[in-house]
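**Student:** One structure, as structure tokens, below. Some questions next.
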Amino acid sequence: MSRPRANVIFKNTLQWIGLRTDYDTYISNSSLLGYEFIFLADGYTYHTTLDILSNIKQGVLQDLGDNLALLVRHILLVGVEEIEDDIHANSLIYFDVFGRYLFVYRISTSIIIQQILIILIIVISVTLIILDEIYHRKRSSSCSDRHCIYFHFKYSFLIRINSIILYFISNVFSIIVGLVFSMMITWMISITRPLSWFGSSTLATFLFSFPYLIGSITNAYLWDIFHRFILRKYPKNSVEIDPNHLNDIKFDFEQNISIVLVYGLLMIVSIYFKDQIFYPILVWSIFICPIYLLLMIIEFILHWKEIHWDFFKQRYHWLFFPLIISLLPLSHTIDIINQLIRYFIPLLSHTFSLGLWIFYKNMVMCSVIAIPTIFFSLIFLPILQRTKYFSRTLFVLLITFSITLIIAYNRQPFTNIRPNIFYAEHTSRSFFKVEKLFDVPFMVPLQSQSSWITVTGYNDINLSRVLDDFSAKSGYILRNKWCFLPTICVFDDTFNRTIAVQNIKIESVKNFTNYTILIRHALSYYIRVSSNSSIEFIVRNEWVVPRVETIIDVISNTTLFSFDININIKRCNLTDSPFLLLFTRSISNMVPIGKDRCQTINDNVTLTIERP
């Protein structure tokens, strides 16, 4: 493809938020295979009245055509059978790199590579620490460097093993605590300002990543204090170590090995679940694990050979290589997450409602943003553990996060190009009744009729104020307006819209048991006929859709004194709703959105026939 944009993660994430597409109909009801092309980035007008060709970004359709042409050419050259085998296997991992290169490989390949990396981590780490222990035991003076572990501690080998375990536990707990902090903030935002991040992927990133970093760094700081407390209990000469000297003792190897062990743990999780969405673990492990292992080998060789290079004597020499190498997987991960956020933000707002559902949607955002934050923190935490700049970093993060919260709680997220959404349903109840049947054909009289509009808003909007604003701008009085929730209001339909059913005629009747009923109504694809009585009926033109009339043949039970026929007709054409037409012109930062079916206008009719 000329500009490939494909990622296996996108295939699964649509299910997280409960979004279904037209393609789901084919894969659920048949074994028909195919490819799905979706353009959802910044889709704030997706499935709204503003979802028109003029609002499509320039170049999107051209890219679609180019990629589709190349795909068809590939299918014709390779053959459908080979492609079907790959699709049915569901074992491919694929992702693009900045829309330029597309990588495709099998899950089995990923597992093999991760298994090799895990073996290398274990073998190299164990070998290095054993060789270093043998090296120091053979020397007459174990270590003369005040930065050396063997200079301060009697049971140096146990100290090193315990340090590796402590750093490993610290890193694992940092991930857990960071996620807990993020979930706490997510819960708070869900209650107070559920869509504070709407329209800004940058704000969403800061809002959910900063709590994770604050929690993980706080955890690492507490574990560092605990580590130094343990070290003071095991001095070499029964003399307590000066706390100031503890910061000078180098645990570079122990910290490095704890990082690769965490990556080893993540790879074990990836291998166990064998899921395509875990592919970023392999991407990060391929870059990070070898550089840490190589760095540990070089440091040990220089130490054993007593080669003193000024570059490696510097305290921060270990910063450069892991940080530089991590830029490659980090940039790819950020690119993928940015795409996810840009299509999650508009789509999540379409399904916001009350209660735990709001928290669930915020949790989806939090989980997506946590992915690059976790990998970044695994590189950043060892830096803080060596520099001991925990308090300074936490102070900066707290100040920055406070500013982010202030912005999130005071900004106006909805504009004309990023509108809020609402759902309006027109409902009518009409009652027709036959008390005395005269000569047929007979026009059934209308007994009563009522019509109302139910408006449901999302994102914790105060609908009462919005409707009052609409009434003031349009001049229409909303009669009997009643809001039983801040986001749900009902009022009488005073906009003189056309009720779907125009008239009902009984065309023929035999012995007051067999009826032929003709119902004329507005054009609709959704017409349902039912009865709460024990009668038999047949909709003669049931399979003609759309249609403007419905013919029903009824066979009533002679023991019944009366029976009911219920007709439900639904429509979704915006022009059938004067209220929606006027509302969208008056309130430009809100747009109506439909639900799963075409049911914006819902007319219910009950026909009661009494036997003489």
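Labels for the structure tokens follow display order: chains A, B, ..., residues from 1 in each chain, ligands from 1.
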Please list as a ChimeraX atom specification every residue within 10 Å of region 544-559 of chain A, counting only C-alpha atoms and excluding residues in the same chain fewer than 4 positions away.
**Tutor:** /A:500-529,533-540,563,565,567,611
**Student:** Which residues are close to Ile291 (chain A), i.e. within 7 Å by only C-alpha atoms, leaving aside same-chain residues fewer than 4 positions away? Reply as a PyMOL selection string.
**Tutor:** chain A and resi 287+295+322
**Student:** How would the residues just chosen look if you wrote them out with N, CA and C atoms as an mmCIF file, in the first residue's frame?
**Tutor:**
```
data_model
loop_
_atom_site.group_PDB
_atom_site.id
_atom_site.type_symbol
_atom_site.label_atom_id
_atom_site.label_comp_id
_atom_site.auth_asym_id
_atom_site.auth_seq_id
_atom_site.Cartn_x
_atom_site.Cartn_y
_atom_site.Cartn_z
ATOM 1 N N PHE A 287 14.166 -3.935 21.523
ATOM 2 C CA PHE A 287 15.049 -2.774 21.588
ATOM 3 C C PHE A 287 15.713 -2.620 22.961
ATOM 4 N N LEU A 295 24.997 -3.372 27.887
ATOM 5 C CA LEU A 295 25.563 -2.400 28.828
ATOM 6 C C LEU A 295 26.131 -3.088 30.059
ATOM 7 N N PRO A 322 20.007 3.634 26.965
ATOM 8 C CA PRO A 322 18.604 3.210 27.072
ATOM 9 C C PRO A 322 17.619 4.281 26.615
#
```
**Student:** Mind the document's chain letters and residue numbers, and return as an MDAnalysis selection string the residues of region 27-128 of chain A that DSSP labels helix (DSSP H, G or I).
**Tutor:** chainID A and resid 27:29 53:55 60:78 80:89 107:128
**Student:** I'd like the contact shell of Ile214 (chain A) - 9 Å cut-off, only C-alpha atoms, skipping same-chain residues fewer than 6 positions apart - returned as a list in words.
**Tutor:** Gly178, Phe181, Thr393, Leu394, Leu397 and Leu398 of chain A
**Student:** Between A:Phe98, A:Thr45, A:Ser474, A:Pro4, which has the minimum distance to Asp66 (chain A) (counting only C-alpha atoms)?
**Tutor:**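 Of the candidates, the smallest distance to Asp66 (chain A) is held by A:Pro4.
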**Student:** With only C-alpha atoms as the basis for distance, which of A:Val364, A:Ile134, A:Ile403, A:Val455 is at the shortest distance from Phe484 (chain A)?
**Tutor:**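 Looking at the shortest contact to Phe484 (chain A), the residue is A:Val455.
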**Student:** Which residues of region 459-495 of chain A have any atom within 8 Å of an atom in region 572-596 of chain A when counting only C-alpha atoms, and what is the closest pair of atoms for each, with the distance in Å to one decimal? Order the rows by chain and rising number and write it as JSON lines.
**Tutor:**
```
{"residue": "A:Phe470", "atom": "CA", "partner": "A:Ser586", "partner_atom": "CA", "distance": 6.3}
{"residue": "A:Lys473", "atom": "CA", "partner": "A:Ser586", "partner_atom": "CA", "distance": 6.6}
{"residue": "A:Ser474", "atom": "CA", "partner": "A:Ser586", "partner_atom": "CA", "distance": 6.8}
{"residue": "A:Phe495", "atom": "CA", "partner": "A:Pro578", "partner_atom": "CA", "distance": 6.2}
```
**Student:** Okay, now the selection with C-alpha atoms, as a compact mmCIF listing (two decimals), in the first residue's frame?
**Tutor:**
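Listed below is the output, result-v5.txt:
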```txt
# COMPACT_ATOMS: atom_id res chain seq x y z
CA PHE A 470 -33.64 26.89 22.35
CA LYS A 473 -33.97 31.66 20.33
CA SER A 474 -36.73 29.98 18.32
CA PHE A 495 -44.50 21.33 16.26
```
**Student:** Could you check which of A:Leu437, A:Ile421, A:Val260, A:Leu293 is closest to Pro382 (chain A), using only C-alpha atoms?
**Tutor:** A:Val260
**Student:** For Ile118 (chain A), find every residue with an atom within 9 Å (counting only C-alpha atoms), except residues of its own chain fewer than 5 positions away, and show them as a ChimeraX atom specification.
**Tutor:** /A:113,123,260-261,263-265,267-268
**Student:** Would you mind listing what lies within 8 Å of Gln385 (chain A) as a short mmCIF file (atom, residue, chain, number, x, y, z; two decimals) with C-alpha atoms, in the first residue's frame, with only C-alpha atoms counted and same-chain residues fewer than 3 positions away left out?
**Tutor:**
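Result file around_33.cif:
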```
data_model
loop_
_atom_site.label_atom_id
_atom_site.label_comp_id
_atom_site.auth_asym_id
_atom_site.auth_seq_id
_atom_site.Cartn_x
_atom_site.Cartn_y
_atom_site.Cartn_z
CA ALA A 220 9.65 3.81 43.78
CA TYR A 221 10.66 6.48 46.31
CA ASP A 224 14.22 3.21 47.76
CA LEU A 381 12.40 5.07 37.13
CA PRO A 382 16.00 3.72 37.06
CA LYS A 388 17.67 10.43 43.85
CA TYR A 389 15.63 13.32 42.42
CA PHE A 390 12.33 11.83 43.59
#
```
**Student:** May I ask which of the residues A:Phe422, A:Phe39, A:Val444, A:Glu610 is the closest one to Gly59 (chain A), counting only C-alpha atoms?
**Tutor:** A:Phe39
**Student:** Which residue, A:Lys436, A:Arg137, A:His426, A:His303, has the smallest gap to Thr456 (chain A) when you use only C-alpha atoms?
**Tutor:**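 Between A:Lys436, A:Arg137, A:His426, A:His303, the residue approaching Thr456 (chain A) most closely is A:His426.
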